[in-house]
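> Before anything else, here's the structure in question.
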Amino acid sequence: DAEEIYDTKAKAVQGITTGKYPSPPARALNVVTKNKPSGLVQDFILWTLTEAKDVESAGYVALPQDTLDKSLQKIK
């Protein structure tokens with residue numbers, strides 16, 4: 001399918017961001033805790049969502065703002 005051809009990194013990232021790139025290999029990563037996170041665990045999750053920088057250089061795609069907002073609401 002012509003829509004599924006990603007010949008540049010920018011096109012692949014756009015495909016992942018818009019949900020057109022297949023899963024797997026592109027998929028969401030989740031953090032799972034037994035109970036609602038608190039203390040250092042909550043601090044770490046908040047840090048990963050708000051302060052971790054340059055995730056793209058590590059091979060990840062940054063979360064869209066609406067997904068980020070929903071994730072932050074879940075842990076507060």
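By order of appearance in the structure tokens: chains A, B, ..., then residues from 1 within every chain, and ligands from 1 in the order shown.
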Output as a Markdown table one row per residue of range 27-74 of chain A within 12 Å of range 7-14 of chain A: the closest atom pair and its distance in Å to one decimal place, counting only C-alpha atoms, sorted by chain and residue number ascending.

| residue | atom | partner | partner_atom | distance |
| --- | --- | --- | --- | --- |
| A:Glu56 | CA | A:Val13 | CA | 9.5 |
| A:Ser57 | CA | A:Lys9 | CA | 11.9 |
| A:Gly59 | CA | A:Val13 | CA | 10.1 |
| A:Tyr60 | CA | A:Val13 | CA | 9.1 |
| A:Val61 | CA | A:Val13 | CA | 6.7 |
| A:Ala62 | CA | A:Val13 | CA | 9.3 |
| A:Leu63 | CA | A:Val13 | CA | 11.1 |
| A:Pro64 | CA | A:Gln14 | CA | 11.0 |
> Would you output that residue set with N, CA and C atoms, as a PDB file, in the first residue's frame?

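What ended up in selection-v6.pdb:
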ATOM      1  N   GLU A  56      13.672  11.486  21.173  1.00  0.00           N
ATOM      2  CA  GLU A  56      13.860  11.090  19.783  1.00  0.00           C
ATOM      3  C   GLU A  56      15.273  10.568  19.524  1.00  0.00           C
ATOM      4  N   SER A  57      16.275  11.151  20.183  1.00  0.00           N
ATOM      5  CA  SER A  57      17.652  10.697  19.961  1.00  0.00           C
ATOM      6  C   SER A  57      17.869   9.283  20.492  1.00  0.00           C
ATOM      7  N   GLY A  59      15.572   6.986  20.040  1.00  0.00           N
ATOM      8  CA  GLY A  59      14.780   6.116  19.179  1.00  0.00           C
ATOM      9  C   GLY A  59      13.301   6.079  19.491  1.00  0.00           C
ATOM     10  N   TYR A  60      12.846   6.956  20.367  1.00  0.00           N
ATOM     11  CA  TYR A  60      11.430   6.997  20.724  1.00  0.00           C
ATOM     12  C   TYR A  60      10.749   8.172  20.033  1.00  0.00           C
ATOM     13  N   VAL A  61       9.438   8.115  19.980  1.00  0.00           N
ATOM     14  CA  VAL A  61       8.639   9.207  19.428  1.00  0.00           C
ATOM     15  C   VAL A  61       7.941   9.884  20.601  1.00  0.00           C
ATOM     16  N   ALA A  62       8.041  11.199  20.674  1.00  0.00           N
ATOM     17  CA  ALA A  62       7.414  11.949  21.764  1.00  0.00           C
ATOM     18  C   ALA A  62       5.897  11.766  21.728  1.00  0.00           C
ATOM     19  N   LEU A  63       5.290  11.782  22.894  1.00  0.00           N
ATOM     20  CA  LEU A  63       3.838  11.635  22.983  1.00  0.00           C
ATOM     21  C   LEU A  63       3.130  12.868  22.440  1.00  0.00           C
ATOM     22  N   PRO A  64       2.027  12.665  21.730  1.00  0.00           N
ATOM     23  CA  PRO A  64       1.209  13.823  21.353  1.00  0.00           C
ATOM     24  C   PRO A  64       0.672  14.488  22.631  1.00  0.00           C
TER      25      PRO A  64
END
> As a list in words, please: the residues near Thr48 in chain A (cut-off 12 Å, only C-alpha atoms, same-chain neighbours under 3 positions excluded).
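Listing them by chain and then by number gives Leu29, Asn30, Val31, Val41, Gln42, Asp43, Phe44, Ile45, Glu51, Ala52, Lys53, Asp54, Val55, Ala62, Leu63, Leu68, Ser71 and Leu72 of chain A.
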> Keeping only C-alpha atoms, take the residues you just selected and write them out as a PDB file, in the first residue's frame.

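Written file, again37.pdb:
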ATOM      1  CA  LEU A  29       5.108   1.743  26.215  1.00  0.00           C
ATOM      2  CA  ASN A  30       3.369   1.467  29.557  1.00  0.00           C
ATOM      3  CA  VAL A  31       4.423   1.748  33.172  1.00  0.00           C
ATOM      4  CA  VAL A  41       7.614   5.978  41.803  1.00  0.00           C
ATOM      5  CA  GLN A  42       5.153   8.791  41.056  1.00  0.00           C
ATOM      6  CA  ASP A  43       8.028  11.281  40.889  1.00  0.00           C
ATOM      7  CA  PHE A  44       9.830   9.078  38.367  1.00  0.00           C
ATOM      8  CA  ILE A  45       6.754   8.676  36.171  1.00  0.00           C
ATOM      9  CA  GLU A  51      11.198  16.472  32.122  1.00  0.00           C
ATOM     10  CA  ALA A  52      12.928  13.693  30.200  1.00  0.00           C
ATOM     11  CA  LYS A  53      14.522  15.401  27.220  1.00  0.00           C
ATOM     12  CA  ASP A  54      15.343  14.420  23.673  1.00  0.00           C
ATOM     13  CA  VAL A  55      13.548  11.074  23.562  1.00  0.00           C
ATOM     14  CA  ALA A  62       7.414  11.949  21.764  1.00  0.00           C
ATOM     15  CA  LEU A  63       3.838  11.635  22.983  1.00  0.00           C
ATOM     16  CA  LEU A  68       0.505  13.315  27.531  1.00  0.00           C
ATOM     17  CA  SER A  71      -1.354  10.217  31.135  1.00  0.00           C
ATOM     18  CA  LEU A  72      -0.622  12.983  33.625  1.00  0.00           C
TER      19      LEU A  72
END
> Which value, in Å to one decimal, gives the distance between CA of Tyr6 in chain A and CA of Ala28 in chain A?
19.3 Å
> Please give the complete set of residues from chain A that DSSP, run on the backbone, assigns to alpha helix (DSSP H), formatted as a ChimeraX atom specification.
/A:9-17,39-50,65-75
> Between A:Thr50, A:Thr33, A:Ile5, A:Gln65, which one has atoms that come closest to Tyr21 in chain A, using only C-alpha atoms?
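Of all the options, A:Ile5 lies closest to Tyr21 in chain A.
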> Quick one: distance from CA of Lys74 in chain A to CA of Leu40 in chain A in Å, one decimal?
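CA of Leu40 in chain A lies 16.1 Å from CA of Lys74 in chain A.
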